[in-house]
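Peer 1: mmCIF, C-alpha atoms, file entry-v6.cif:
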data_query
loop_
_atom_site.label_atom_id
_atom_site.label_comp_id
_atom_site.auth_asym_id
_atom_site.auth_seq_id
_atom_site.Cartn_x
_atom_site.Cartn_y
_atom_site.Cartn_z
CA MET R 1 38.40 17.86 -13.66
CA PHE R 2 37.99 16.41 -17.10
CA ARG R 3 38.50 18.36 -20.23
CA THR R 4 36.55 17.59 -23.36
CA PHE R 5 38.68 16.59 -26.32
CA PRO R 6 37.59 15.84 -29.85
CA LEU R 7 36.29 12.35 -30.41
CA ILE R 8 38.66 10.16 -32.35
CA VAL R 9 36.74 7.64 -34.37
CA LEU R 10 38.52 4.91 -36.27
CA TYR R 11 36.39 2.73 -38.49
CA LEU R 12 37.99 -0.64 -39.24
CA PHE R 13 35.87 -1.74 -42.16
CA SER R 14 34.92 -5.17 -43.44
CA LEU R 15 37.50 -7.86 -43.90
CA ILE R 16 37.98 -8.19 -47.67
CA PHE R 17 40.24 -9.99 -50.10
CA PHE R 18 42.03 -8.19 -52.92
CA PRO R 19 43.71 -10.47 -55.51
CA SER R 20 45.66 -7.51 -56.88
CA CYS R 21 47.50 -7.19 -53.57
CA GLY R 22 49.47 -10.35 -54.35
CA SER R 23 48.58 -11.90 -50.97
CA LYS R 24 46.11 -14.52 -49.79
CA ASP R 25 45.81 -12.96 -46.31
CA ASN R 26 42.58 -11.33 -45.19
CA VAL R 27 43.13 -7.70 -44.28
CA PHE R 28 41.51 -4.77 -42.49
CA TYR R 29 40.98 -1.55 -44.38
CA GLU R 30 40.06 1.79 -42.85
CA LYS R 31 38.90 5.09 -44.36
CA SER R 32 42.40 6.49 -44.70
CA PRO R 33 43.91 5.15 -47.96
CA GLY R 34 47.01 3.00 -47.99
CA ILE R 35 46.59 1.35 -44.58
CA ARG R 36 46.65 -2.42 -44.79
CA VAL R 37 46.98 -4.56 -41.67
CA VAL R 38 47.04 -8.36 -41.74
CA THR R 39 44.85 -9.80 -39.00
CA THR R 40 45.16 -13.54 -39.50
CA PRO R 41 46.38 -14.91 -36.12
CA PRO R 42 49.69 -16.82 -36.40
CA LEU R 43 49.80 -20.50 -35.62
CA GLY R 44 52.22 -21.56 -32.91
CA PRO R 45 52.88 -24.25 -30.31
CA GLU R 46 50.23 -24.58 -27.63
CA LYS R 47 50.97 -24.36 -23.94
CA LYS R 48 49.99 -27.44 -21.95
CA PRO R 49 47.16 -26.67 -19.58
CA THR R 50 47.89 -26.55 -15.86
CA PRO R 51 44.51 -25.90 -14.25
CA PRO R 52 44.75 -24.20 -10.86
CA ILE R 53 42.72 -24.99 -7.75
CA PRO R 54 40.77 -21.90 -6.71
CA PRO R 55 41.65 -20.68 -3.21
CA LYS R 56 38.89 -19.90 -0.74
CA ASP R 57 39.87 -16.23 -0.71
CA PRO R 58 40.76 -14.74 -4.10
CA PRO R 59 44.23 -13.23 -4.35
CA LYS R 60 44.80 -9.57 -5.07
CA PRO R 61 45.90 -8.66 -8.61
CA ASP R 62 49.54 -9.26 -9.48
CA ASP R 63 49.91 -5.56 -10.16
CA PRO R 64 47.47 -3.78 -7.84
CA ILE R 65 46.77 -0.22 -8.86
CA ASP R 66 46.11 1.99 -5.83
CA ASN R 67 46.13 5.19 -7.86
CA PRO R 68 46.46 4.14 -11.50
CA GLY R 69 46.05 7.61 -12.92
CA GLY R 70 48.83 9.17 -10.88
CA THR R 71 47.60 12.55 -9.69
CA ASP R 72 44.42 12.48 -11.77
CA SER R 73 41.42 13.43 -9.63
CA PHE R 74 39.38 10.53 -11.05
CA PHE R 75 41.49 8.22 -8.88
CA ASP R 76 41.56 10.43 -5.78
CA PRO R 77 40.72 8.06 -2.86
CA ALA R 78 38.95 10.92 -1.06
CA LEU R 79 36.44 11.20 -3.92
CA HIS R 80 33.91 8.88 -5.54
CA ASN R 81 33.79 9.19 -9.33
CA ALA R 82 32.00 7.58 -12.29
CA LEU R 83 32.40 8.24 -16.03
CA ASN R 84 29.59 7.80 -18.57
CA LEU R 85 31.77 5.95 -21.07
CA GLY R 86 28.90 3.89 -22.48
CA GLY R 87 27.01 7.03 -23.46
CA ALA R 88 23.77 6.76 -21.45
CA ILE R 89 21.36 9.53 -22.40
CA LYS R 90 19.21 9.24 -19.26
CA SER R 91 20.66 8.11 -15.93
CA ALA R 92 19.73 7.51 -12.29
CA VAL R 93 21.88 7.72 -9.16
CA SER R 94 21.35 6.22 -5.69
CA VAL R 95 23.30 6.74 -2.48
CA TYR R 96 24.19 4.94 0.74
CA GLU R 97 24.29 7.82 3.23
CA ASP R 98 22.27 10.86 4.23
CA ALA R 99 23.27 14.28 2.92
CA THR R 100 25.14 12.95 -0.11
CA GLU R 101 25.71 15.73 -2.64
CA VAL R 102 26.55 14.60 -6.17
CA PHE R 103 28.10 16.80 -8.86
CA LEU R 104 27.68 16.43 -12.62
CA ASN R 105 30.73 17.79 -14.45
CA GLY R 106 31.56 19.92 -11.43
CA ILE R 107 28.06 21.40 -10.97
CA SER R 108 25.85 20.34 -8.06
CA LEU R 109 23.19 17.92 -9.33
CA ALA R 110 21.33 16.80 -6.21
CA THR R 111 21.66 16.18 -2.48
CA LEU R 112 20.18 12.83 -1.49
CA ASN R 113 19.56 10.87 1.67
CA LYS R 114 19.94 7.13 2.18
CA GLY R 115 17.42 5.28 0.01
CA GLU R 116 16.75 8.21 -2.31
CA THR R 117 17.42 8.21 -6.05
CA TYR R 118 17.61 10.92 -8.69
CA GLU R 119 17.08 10.72 -12.48
CA PHE R 120 18.80 13.11 -14.89
CA LEU R 121 19.76 13.64 -18.52
CA SER R 122 23.31 12.59 -19.37
CA LYS R 123 25.73 12.34 -22.27
CA LYS R 124 28.87 10.40 -23.17
CA SER R 125 31.95 11.26 -21.04
CA ASP R 126 29.91 12.97 -18.32
CA LEU R 127 31.57 12.79 -14.89
CA LEU R 128 29.64 12.23 -11.66
CA THR R 129 31.49 13.02 -8.41
CA SER R 130 30.82 13.04 -4.67
CA ASP R 131 32.70 12.79 -1.40
CA LYS R 132 30.35 9.92 -0.43
CA PRO R 133 29.70 6.64 -2.29
CA PHE R 134 26.93 6.27 -4.89
CA PHE R 135 25.88 4.07 -7.80
CA VAL R 136 24.88 5.41 -11.21
CA SER R 137 23.72 3.80 -14.44
CA GLY R 138 21.46 4.77 -17.31
CA LYS R 139 20.01 3.80 -20.64
CA LEU R 140 20.98 4.35 -24.25
CA ILE R 141 18.25 4.52 -26.89
CA GLY R 142 19.08 4.15 -30.56
CA LYS R 143 16.89 4.24 -33.65
CA LYS R 144 13.92 2.66 -31.83
CA ASP R 145 13.07 2.03 -28.21
CA LYS R 146 13.13 -1.75 -28.67
CA ALA R 147 15.40 -4.56 -27.51
CA LEU R 148 17.72 -4.40 -30.53
CA TYR R 149 18.08 -0.64 -30.25
CA ASN R 150 18.44 0.09 -26.53
CA ALA R 151 20.57 -0.98 -23.59
CA ASN R 152 21.28 -0.41 -19.93
CA ILE R 153 24.58 1.41 -19.44
CA VAL R 154 26.43 1.10 -16.15
CA TRP R 155 28.84 4.01 -15.72
CA SER R 156 32.56 3.24 -15.36
CA TYR R 157 34.43 3.44 -12.06
CA PRO R 158 38.11 3.98 -11.08
CA GLU R 159 38.78 0.35 -10.08
CA TRP R 160 37.70 -0.78 -13.55
CA ALA R 161 40.69 0.96 -15.15
CA SER R 162 43.47 -1.23 -16.54
CA THR R 163 46.51 -1.16 -18.80
CA SER R 164 45.03 -4.00 -20.89
CA PHE R 165 41.59 -5.23 -21.90
CA SER R 166 40.29 -8.32 -23.66
CA PHE R 167 37.05 -8.08 -25.63
CA SER R 168 35.18 -10.20 -28.15
CA ALA R 169 33.00 -9.59 -31.19
CA ASN R 170 30.45 -12.32 -31.79
CA ARG R 171 27.15 -10.92 -33.17
CA LYS R 172 25.55 -7.86 -34.74
CA LEU R 173 28.92 -6.65 -35.99
CA PRO R 174 30.73 -4.33 -36.05
CA THR R 175 31.60 -4.16 -32.35
CA GLU R 176 32.59 -0.72 -31.12
CA LEU R 177 35.12 -0.31 -28.32
CA SER R 178 35.37 3.03 -26.51
CA LEU R 179 38.55 3.74 -24.56
CA TYR R 180 39.11 6.67 -22.23
CA THR R 181 42.71 7.49 -21.35
CA PHE R 182 44.20 9.38 -18.40
CA THR R 183 47.74 9.95 -19.66
CA ASN R 184 49.45 10.57 -23.01
CA GLU R 185 50.03 7.05 -24.28
CA ASP R 186 50.33 4.69 -27.23
CA ILE R 187 47.52 2.12 -27.42
CA ASP R 188 48.04 -1.10 -29.38
CA ILE R 189 45.27 -3.42 -30.58
CA TYR R 190 45.93 -7.12 -31.19
CA SER R 191 44.19 -10.25 -32.37
CA GLY R 192 46.00 -12.95 -30.44
CA THR R 193 49.68 -12.13 -30.91
CA GLN R 194 49.07 -10.38 -34.24
CA HIS R 195 49.50 -6.63 -33.96
CA ILE R 196 46.79 -4.68 -35.83
CA ARG R 197 47.41 -1.02 -35.18
CA ARG R 198 48.94 1.53 -32.80
CA PHE R 199 47.17 4.73 -31.79
CA THR R 200 48.75 7.70 -30.05
CA VAL R 201 46.31 9.45 -27.73
CA ASN R 202 46.40 12.36 -25.31
CA SER R 203 45.27 12.33 -21.69
CA HIS R 204 41.50 12.56 -21.18
CA GLU R 205 40.91 11.63 -24.79
CA LEU R 206 38.20 9.31 -26.06
CA LEU R 207 39.28 6.75 -28.64
CA THR R 208 36.56 4.75 -30.42
CA LEU R 209 37.36 1.68 -32.55
CA GLN R 210 35.06 -0.47 -34.67
CA VAL R 211 35.96 -4.13 -35.21
CA PRO R 212 34.12 -5.69 -38.18
CA ASN R 213 34.96 -9.38 -37.74
CA LYS R 214 34.17 -12.11 -35.24
CA GLY R 215 36.96 -13.00 -32.85
CA ALA R 216 38.78 -12.03 -29.67
CA TYR R 217 40.90 -8.89 -29.46
CA HIS R 218 42.87 -7.07 -26.83
CA VAL R 219 44.26 -3.59 -26.30
CA VAL R 220 47.39 -2.71 -24.37
CA SER R 221 48.84 0.56 -23.08
CA LYS R 222 51.45 1.62 -20.53
CA GLY R 223 48.89 3.97 -18.99
CA VAL R 224 45.52 2.96 -17.59
CA MET R 225 42.29 3.18 -19.57
CA LEU R 226 38.59 2.58 -19.14
CA GLY R 227 36.81 0.43 -21.74
CA TYR R 228 33.25 -0.08 -22.99
CA ALA R 229 31.97 -2.32 -25.82
CA ILE R 230 28.75 -2.12 -27.86
CA SER R 231 27.77 -3.98 -31.07
CA LEU R 232 26.09 -1.79 -33.69
CA GLY R 233 24.87 -4.01 -36.54
CA LYS R 234 25.48 -3.54 -40.26
CA LYS R 235 23.59 -0.25 -40.46
CA LEU R 236 25.31 1.05 -37.31
CA ASP R 237 21.89 1.64 -35.70
CA LYS R 238 21.67 -1.23 -33.17
CA ILE R 239 22.70 -1.23 -29.51
CA VAL R 240 23.56 -4.84 -28.69
CA ASP R 241 25.67 -6.48 -25.94
CA ALA R 242 26.57 -3.16 -24.29
CA HIS R 243 28.93 -3.81 -21.37
CA PRO R 244 31.92 -2.35 -19.56
CA VAL R 245 35.16 -4.14 -20.37
CA LEU R 246 36.71 -4.99 -17.01
CA PRO R 247 40.35 -5.70 -16.15
CA PRO R 248 41.39 -9.23 -17.14
CA TYR R 249 42.03 -11.54 -14.20
CA GLU R 250 42.75 -15.19 -13.36
CA MET R 251 39.57 -15.75 -11.30
CA LEU R 252 36.11 -14.56 -12.35
CA ILE R 253 32.62 -15.07 -10.95
CA GLY R 254 29.24 -14.59 -12.58
CA PHE R 255 26.20 -16.09 -14.29
CA PRO R 256 26.60 -17.36 -17.87
CA SER R 257 22.83 -17.35 -18.34
CA ARG R 258 22.39 -19.15 -21.69
CA LYS R 259 26.10 -18.90 -22.48
CA ALA R 260 29.29 -17.13 -21.49
CA ILE R 261 31.89 -15.73 -23.88
CA VAL R 262 35.50 -16.27 -22.72
CA SER R 263 38.48 -14.45 -24.29
CA GLY R 264 42.13 -13.86 -23.44
CA LEU R 265 45.06 -11.60 -24.23
CA ASP R 266 48.22 -12.90 -25.93
CA GLN R 267 48.08 -16.43 -24.51
CA ILE R 268 45.86 -19.42 -25.22
CA ILE R 269 43.39 -19.62 -22.34
CA TYR R 270 42.86 -23.02 -20.77
CA TYR R 271 40.19 -22.47 -18.15
CA ASP R 272 38.42 -24.54 -15.56
CA GLY R 273 35.14 -23.70 -13.93
CA ILE R 274 32.82 -24.91 -11.22
CA TYR R 275 29.11 -24.23 -10.84
CA SER R 276 27.26 -23.68 -7.57
CA ASN R 277 26.02 -27.28 -7.64
CA GLY R 278 29.57 -28.62 -7.87
CA VAL R 279 29.47 -29.53 -11.58
CA SER R 280 32.83 -28.77 -13.16
CA THR R 281 33.59 -27.58 -16.66
CA LYS R 282 36.61 -26.66 -18.75
CA GLY R 283 37.36 -24.97 -22.02
CA LYS R 284 39.93 -23.34 -24.25
CA ALA R 285 40.05 -19.94 -25.97
CA ASP R 286 42.60 -19.94 -28.78
CA LEU R 287 44.62 -16.92 -29.82
CA GLY R 288 42.37 -14.40 -31.52
CA GLU R 289 39.27 -16.49 -30.76
CA TYR R 290 36.69 -16.71 -28.01
CA ASP R 291 35.18 -19.79 -26.37
CA VAL R 292 31.52 -20.37 -25.50
CA GLU R 293 30.56 -21.85 -22.13
CA LYS R 294 26.91 -22.95 -22.08
CA GLY R 295 25.10 -22.07 -18.88
CA LEU R 296 23.87 -24.81 -16.55
CA PRO R 297 20.14 -24.47 -15.73
CA ASN R 298 19.49 -23.71 -12.08
CA ASN R 299 16.74 -26.31 -11.77
CA GLY R 300 18.80 -28.96 -13.56
CA ILE R 301 16.26 -29.46 -16.35
CA CYS R 302 15.66 -26.32 -18.38
CA CYS R 303 15.64 -22.59 -18.44
CA ASN R 304 19.11 -21.16 -18.04
CA PHE R 305 18.03 -17.81 -19.50
CA PHE R 306 17.14 -14.64 -17.52
CA TYR R 307 20.08 -15.41 -15.23
CA ASN R 308 18.39 -18.61 -14.03
CA SER R 309 21.63 -20.47 -14.63
CA LYS R 310 23.85 -21.72 -11.85
CA ALA R 311 26.46 -19.26 -10.64
CA LEU R 312 29.89 -20.03 -12.10
CA ARG R 313 33.49 -19.43 -11.04
CA ILE R 314 36.05 -19.59 -13.85
CA PHE R 315 39.80 -19.72 -13.27
CA SER R 316 42.95 -19.99 -15.36
CA THR R 317 46.70 -19.55 -15.06
CA GLU R 318 46.43 -16.61 -17.50
CA LYS R 319 44.38 -13.43 -17.20
CA PHE R 320 41.16 -13.44 -19.22
CA PHE R 321 37.74 -11.81 -19.59
CA ALA R 322 34.24 -13.35 -19.66
CA ARG R 323 30.72 -12.06 -20.14
CA SER R 324 27.20 -13.45 -20.26
CA ASN R 325 25.56 -13.50 -23.66
CA ALA R 326 22.02 -14.18 -24.93
CA ASP R 327 20.08 -14.32 -21.67
CA GLY R 328 16.81 -14.81 -23.54
CA SER R 329 15.69 -11.21 -24.13
CA GLY R 330 17.07 -7.81 -24.90
CA TRP R 331 20.19 -8.69 -26.92
CA ALA R 332 22.25 -7.95 -23.84
CA SER R 333 25.54 -8.92 -22.22
CA SER R 334 27.12 -8.33 -18.83
CA PRO R 335 30.65 -9.07 -17.60
CA PHE R 336 31.77 -11.66 -15.10
CA LEU R 337 33.44 -9.91 -12.18
CA PRO R 338 37.10 -10.37 -11.19
CA GLU R 339 36.78 -11.78 -7.68
CA TYR R 340 38.99 -9.11 -6.12
CA LEU R 341 36.34 -6.56 -7.22
CA MET R 342 33.53 -8.15 -5.19
CA ARG R 343 32.24 -5.75 -2.54
CA LYS R 344 30.18 -5.83 0.70
CA ASN R 345 27.59 -3.12 -0.04
CA TYR R 346 25.36 -2.37 -3.05
CA THR R 347 22.58 0.16 -3.66
CA LEU R 348 19.94 -0.08 -6.38
CA ASN R 349 19.22 3.07 -8.37
CA ILE R 350 16.21 1.68 -10.26
CA ASP R 351 13.31 -0.73 -9.67
CA THR R 352 14.24 -4.29 -10.61
CA GLN R 353 12.59 -7.37 -12.03
CA TRP R 354 15.23 -9.49 -10.33
CA VAL R 355 18.57 -9.31 -8.56
CA ALA R 356 21.13 -12.12 -8.99
CA ILE R 357 23.85 -12.44 -6.35
CA ALA R 358 26.96 -14.67 -6.43
CA SER R 359 29.75 -15.11 -3.91
CA THR R 360 32.33 -17.54 -2.61
CA THR R 361 30.75 -17.46 0.88
CA LYS R 362 27.70 -19.37 2.11
CA ASP R 363 26.00 -16.85 4.37
CA LYS R 364 23.21 -14.28 4.48
CA VAL R 365 22.93 -10.86 2.86
CA LYS R 366 20.90 -8.07 4.46
CA VAL R 367 18.35 -6.30 2.25
CA TRP R 368 17.22 -2.89 3.50
CA ASN R 369 13.88 -1.69 2.14
CA PRO R 370 13.71 2.12 1.66
CA LYS R 371 9.89 2.11 1.76
CA THR R 372 9.38 0.19 5.01
CA LEU R 373 12.80 0.98 6.53
CA THR R 374 13.05 -2.71 7.46
CA THR R 375 15.80 -5.27 6.83
CA THR R 376 15.35 -8.88 5.71
CA LEU R 377 17.91 -11.67 5.48
CA HIS R 378 18.47 -13.80 2.37
CA LYS R 379 20.79 -16.80 2.39
CA LEU R 380 23.18 -17.60 -0.44
CA GLU R 381 23.23 -21.33 -1.16
CA ARG R 382 25.56 -23.82 -2.79
CA GLU R 383 24.94 -27.46 -3.63
CA GLY R 384 28.56 -28.21 -4.44
CA PHE R 385 31.47 -28.60 -2.03
CA GLU R 386 33.23 -25.56 -0.65
CA PHE R 387 36.65 -27.22 -0.82
CA LEU R 388 36.19 -27.57 -4.58
CA GLY R 389 35.56 -23.85 -4.87
CA ALA R 390 31.84 -23.97 -5.76
CA PRO R 391 30.24 -20.51 -5.62
CA THR R 392 27.06 -19.56 -3.77
CA GLN R 393 24.06 -17.78 -5.22
CA ILE R 394 20.58 -16.37 -4.74
CA LYS R 395 18.05 -14.63 -6.98
CA ILE R 396 15.65 -12.11 -5.44
CA LYS R 397 12.68 -10.70 -7.35
CA GLY R 398 11.18 -7.24 -7.30
CA LEU R 399 13.54 -5.12 -5.20
CA SER R 400 12.80 -1.41 -5.47
CA LYS R 401 15.07 1.54 -6.18
CA GLY R 402 16.88 2.80 -3.09
CA THR R 403 17.31 -0.74 -1.74
CA ILE R 404 20.66 -1.40 -0.06
CA ILE R 405 22.13 -4.91 -0.02
CA SER R 406 24.99 -5.57 2.40
CA ALA R 407 26.92 -8.38 4.06
CA ASP R 408 30.00 -9.09 6.15
CA PHE R 409 31.60 -10.80 3.15
CA PRO R 410 32.20 -9.74 -0.47
CA PHE R 411 29.74 -10.68 -3.20
CA ALA R 412 28.73 -9.64 -6.73
CA VAL R 413 25.39 -8.32 -8.01
CA TRP R 414 23.60 -8.25 -11.38
CA ILE R 415 20.11 -6.90 -12.02
CA GLN R 416 17.44 -6.75 -14.67
CA PRO R 417 15.65 -3.41 -14.25
CA LYS R 418 12.07 -2.51 -14.91
CA ASP R 419 11.50 0.01 -17.67
CA SER R 420 11.88 3.59 -16.42
CA GLU R 421 13.36 6.97 -17.28
CA GLY R 422 16.78 5.64 -16.28
CA SER R 423 16.64 2.02 -17.50
CA VAL R 424 15.27 -0.46 -20.03
CA ASP R 425 13.49 -3.66 -19.03
CA GLN R 426 15.11 -6.47 -21.01
CA ASP R 427 18.84 -6.05 -20.36
CA GLU R 428 20.82 -7.52 -17.47
CA MET R 429 23.42 -5.23 -15.92
CA LEU R 430 26.35 -5.46 -13.51
CA VAL R 431 26.03 -3.36 -10.34
CA ARG R 432 29.11 -1.79 -8.81
CA GLY R 433 29.45 -1.97 -5.02
CA VAL R 434 31.59 -0.40 -2.30
CA GLY R 435 33.38 -1.64 0.81
CA GLU R 436 36.08 -4.28 0.51
#
Let's see the structure in the file written out as structure tokens.

Peer 2:
Amino acid sequence: MFRTFPLIVLYLFSLIFFPSCGSKDNVFYEKSPGIRVVTTPPLGPEKKPTPPIPPKDPPKPDDPIDNPGGTDSFFDPALHNALNLGGAIKSAVSVYEDATEVFLNGISLATLNKGETYEFLSKKSDLLTSDKPFFVSGKLIGKKDKALYNANIVWSYPEWASTSFSFSANRKLPTELSLYTFTNEDIDIYSGTQHIRRFTVNSHELLTLQVPNKGAYHVVSKGVMLGYAISLGKKLDKIVDAHPVLPPYEMLIGFPSRKAIVSGLDQIIYYDGIYSNGVSTKGKADLGEYDVEKGLPNNGICCNFFYNSKALRIFSTEKFFARSNADGSGWASSPFLPEYLMRKNYTLNIDTQWVAIASTTKDKVKVWNPKTLTTTLHKLEREGFEFLGAPTQIKIKGLSKGTIISADFPFAVWIQPKDSEGSVDQDEMLVRGVGE
């Protein structure tokens, strides 16, 4: 069971130049006096790119984590847990099975049957637990209930924990990164190979950083963490590009929408990609920088926003992170999914405007309707060649809360909800599934 520890907030303020310092380097300053950290990434020799060929079945991670938190109950395989790291103030949960009892911070919240959902008030670092699988997400409302000031917040799950994260800051700065730790550890933040700062944290402690400058960053620890990023704007009153920061990996799948942001760790990222119609792409994310991959319209002519872009698989010899950005409304962002995290079953906790599905398999998904108790089949399509690794995709409109989507193969799901007590209507969001 989690304990509540004081929130550690570190504000890394604007990058400024002081002639009196006797240096021409740009530097970070924070509230505490006397701390000066150079953040200019060093220049070094580039590695020659060696683009891989994506296998039909994605490999498991190099360092699979069966129980990354040791004996911590959050990683107990007999339990299903989710942490409200993004700070949703209203949330909704849906379940897969009858008689599923869910607990909020150890207190019984609701008992639900298959297809039922439940909305509730929530706060940052809340813990939802059950002995049966569920999906929970919520919404965060800032100064105003408008696109710039609200966001959908998917809660964080055990398999999203990692010892390292890559994240990028590209608009409405500063970008705030929340980290939740499970052991007593040192956490280091870098820009490329340039070390910025080390933080010593206790187990079950929440560390919040604010990065004021555009670029790519990464954090590293010996113990596992969960991560969540949100951009706040100059007045610290916006809620823009809210998304969980997922473990970096060599093979990702998703929808760039209008564009995707690609960032790495301590290596230059040379990446190759292939869209569902077989069109290939490539790019490079330098140390301390991110790269922008423009989405390919699904109809070949226009309109790559609202997740109407072709599905995209991206792969590299180095681990990296990618997320959609600027889908056309809502000032939102949602991560690409490491392919080993694709699952076979998903439940929707809120009514949707659309559901976007991507996979590496050309087959049908089953959609169970909680209102009619009927199941329909929807086929994922690809125009490109399977042997080249082209992904498959489908977009389904208007699925209701309580819907269950399943298949005999793994796939990934993103949604844009309708406005409700537990969601906002302009922000795309990753859905977490179950069943490998």

Peer 1: For a test of reading the model, state the distance in Å between atom CA of R:Ser162 and atom CA of R:Gly227, rounded to one decimal.

Peer 2: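 These two atoms are separated by 8.6 Å.
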
Peer 1: Need to verify the contact set: R:His243, 8 Å, only C-alpha atoms, exclusion of same-chain residues closer than 6 positions in sequence. Can you return it as a ChimeraX atom specification?

Peer 2: /R:86,153-154,228-230,333-335,429

Peer 1: When the PyMOL selection byres ((chain R and resi 273) around 12) is applied to the structure above, which residues does it catch, written out as a ChimeraX atom specification?

Peer 2: /R:51-54,250-256,260,262,270-272,274-284,293-296,310-316,322,388-391

Peer 1: Can you spit out the residues from that selection as a PDB file, in the coordinates of the input, using C-alpha atoms?

Peer 2:
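Output contents, as saved in out-v9.pdb:
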ATOM      1  CA  PRO R  51      44.510 -25.900 -14.250  1.00  0.00           C
ATOM      2  CA  PRO R  52      44.750 -24.200 -10.860  1.00  0.00           C
ATOM      3  CA  ILE R  53      42.720 -24.990  -7.750  1.00  0.00           C
ATOM      4  CA  PRO R  54      40.770 -21.900  -6.710  1.00  0.00           C
ATOM      5  CA  GLU R 250      42.750 -15.190 -13.360  1.00  0.00           C
ATOM      6  CA  MET R 251      39.570 -15.750 -11.300  1.00  0.00           C
ATOM      7  CA  LEU R 252      36.110 -14.560 -12.350  1.00  0.00           C
ATOM      8  CA  ILE R 253      32.620 -15.070 -10.950  1.00  0.00           C
ATOM      9  CA  GLY R 254      29.240 -14.590 -12.580  1.00  0.00           C
ATOM     10  CA  PHE R 255      26.200 -16.090 -14.290  1.00  0.00           C
ATOM     11  CA  PRO R 256      26.600 -17.360 -17.870  1.00  0.00           C
ATOM     12  CA  ALA R 260      29.290 -17.130 -21.490  1.00  0.00           C
ATOM     13  CA  VAL R 262      35.500 -16.270 -22.720  1.00  0.00           C
ATOM     14  CA  TYR R 270      42.860 -23.020 -20.770  1.00  0.00           C
ATOM     15  CA  TYR R 271      40.190 -22.470 -18.150  1.00  0.00           C
ATOM     16  CA  ASP R 272      38.420 -24.540 -15.560  1.00  0.00           C
ATOM     17  CA  ILE R 274      32.820 -24.910 -11.220  1.00  0.00           C
ATOM     18  CA  TYR R 275      29.110 -24.230 -10.840  1.00  0.00           C
ATOM     19  CA  SER R 276      27.260 -23.680  -7.570  1.00  0.00           C
ATOM     20  CA  ASN R 277      26.020 -27.280  -7.640  1.00  0.00           C
ATOM     21  CA  GLY R 278      29.570 -28.620  -7.870  1.00  0.00           C
ATOM     22  CA  VAL R 279      29.470 -29.530 -11.580  1.00  0.00           C
ATOM     23  CA  SER R 280      32.830 -28.770 -13.160  1.00  0.00           C
ATOM     24  CA  THR R 281      33.590 -27.580 -16.660  1.00  0.00           C
ATOM     25  CA  LYS R 282      36.610 -26.660 -18.750  1.00  0.00           C
ATOM     26  CA  GLY R 283      37.360 -24.970 -22.020  1.00  0.00           C
ATOM     27  CA  LYS R 284      39.930 -23.340 -24.250  1.00  0.00           C
ATOM     28  CA  GLU R 293      30.560 -21.850 -22.130  1.00  0.00           C
ATOM     29  CA  LYS R 294      26.910 -22.950 -22.080  1.00  0.00           C
ATOM     30  CA  GLY R 295      25.100 -22.070 -18.880  1.00  0.00           C
ATOM     31  CA  LEU R 296      23.870 -24.810 -16.550  1.00  0.00           C
ATOM     32  CA  LYS R 310      23.850 -21.720 -11.850  1.00  0.00           C
ATOM     33  CA  ALA R 311      26.460 -19.260 -10.640  1.00  0.00           C
ATOM     34  CA  LEU R 312      29.890 -20.030 -12.100  1.00  0.00           C
ATOM     35  CA  ARG R 313      33.490 -19.430 -11.040  1.00  0.00           C
ATOM     36  CA  ILE R 314      36.050 -19.590 -13.850  1.00  0.00           C
ATOM     37  CA  PHE R 315      39.800 -19.720 -13.270  1.00  0.00           C
ATOM     38  CA  SER R 316      42.950 -19.990 -15.360  1.00  0.00           C
ATOM     39  CA  ALA R 322      34.240 -13.350 -19.660  1.00  0.00           C
ATOM     40  CA  LEU R 388      36.190 -27.570  -4.580  1.00  0.00           C
ATOM     41  CA  GLY R 389      35.560 -23.850  -4.870  1.00  0.00           C
ATOM     42  CA  ALA R 390      31.840 -23.970  -5.760  1.00  0.00           C
ATOM     43  CA  PRO R 391      30.240 -20.510  -5.620  1.00  0.00           C
TER      44      PRO R 391
END

Peer 1: Find, counting all atoms listed in the file, the residue in R:Ile415, R:Ile261, R:Val201, R:Ile189 that gets nearest to R:Asp241.

Peer 2: R:Ile261

Peer 1: At what distance in Å, to one decimal, does atom CA of R:Gly138 lie from atom CA of R:Lys123?

Peer 2: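 Separating atom CA of R:Lys123 from atom CA of R:Gly138 is a distance of 10.0 Å.
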
Peer 1: Around the point (27.7, -3.7, -6.1), in the coordinates given by the file, pick out the residues reaching within 7 Å, counting only C-alpha atoms, and return them as a list in words.

Peer 2: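 Protein, DNA and RNA residues close to (27.7, -3.7, -6.1): Arg343, Asn345, Tyr346, Thr347, Ala412, Val413, Val431, Arg432, Gly433 and Val434 of chain R.
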
Peer 1: Report, in Å to a single decimal, how far apart atom CA of R:Arg323 and atom CA of R:His195 are.

Peer 2: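 Computed distance, atom CA of R:His195 to atom CA of R:Arg323, equals 23.9 Å.
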
Peer 1: Rank R:Lys124, R:Lys319, R:Arg382, R:Lys235 by their smallest atom-to-atom distance to R:Ile268, using all atoms listed in the file, and report the top residue only.

Peer 2: R:Lys319

Peer 1: Measuring between all atoms listed in the file, which one of R:Gly192, R:Pro338, R:Gly288, R:Pro212 shows the shortest distance to R:Pro247?

Peer 2: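 So, comparing all the options, the nearest one is R:Pro338.
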
Peer 1: For R:Glu101, find every residue with an atom within 7 Å (counting only C-alpha atoms), except residues of its own chain fewer than 5 positions away, and show them as a PyMOL selection string.

Peer 2: chain R and resi 110-112+130

Peer 1: Store the residues of this selection in a file with C-alpha atoms, as a tab-separated table (two decimals), in the frame of the given file.

Peer 2:
chain	number	residue	atom	x	y	z
R	110	ALA	CA	21.33	16.80	-6.21
R	111	THR	CA	21.66	16.18	-2.48
R	112	LEU	CA	20.18	12.83	-1.49
R	130	SER	CA	30.82	13.04	-4.67
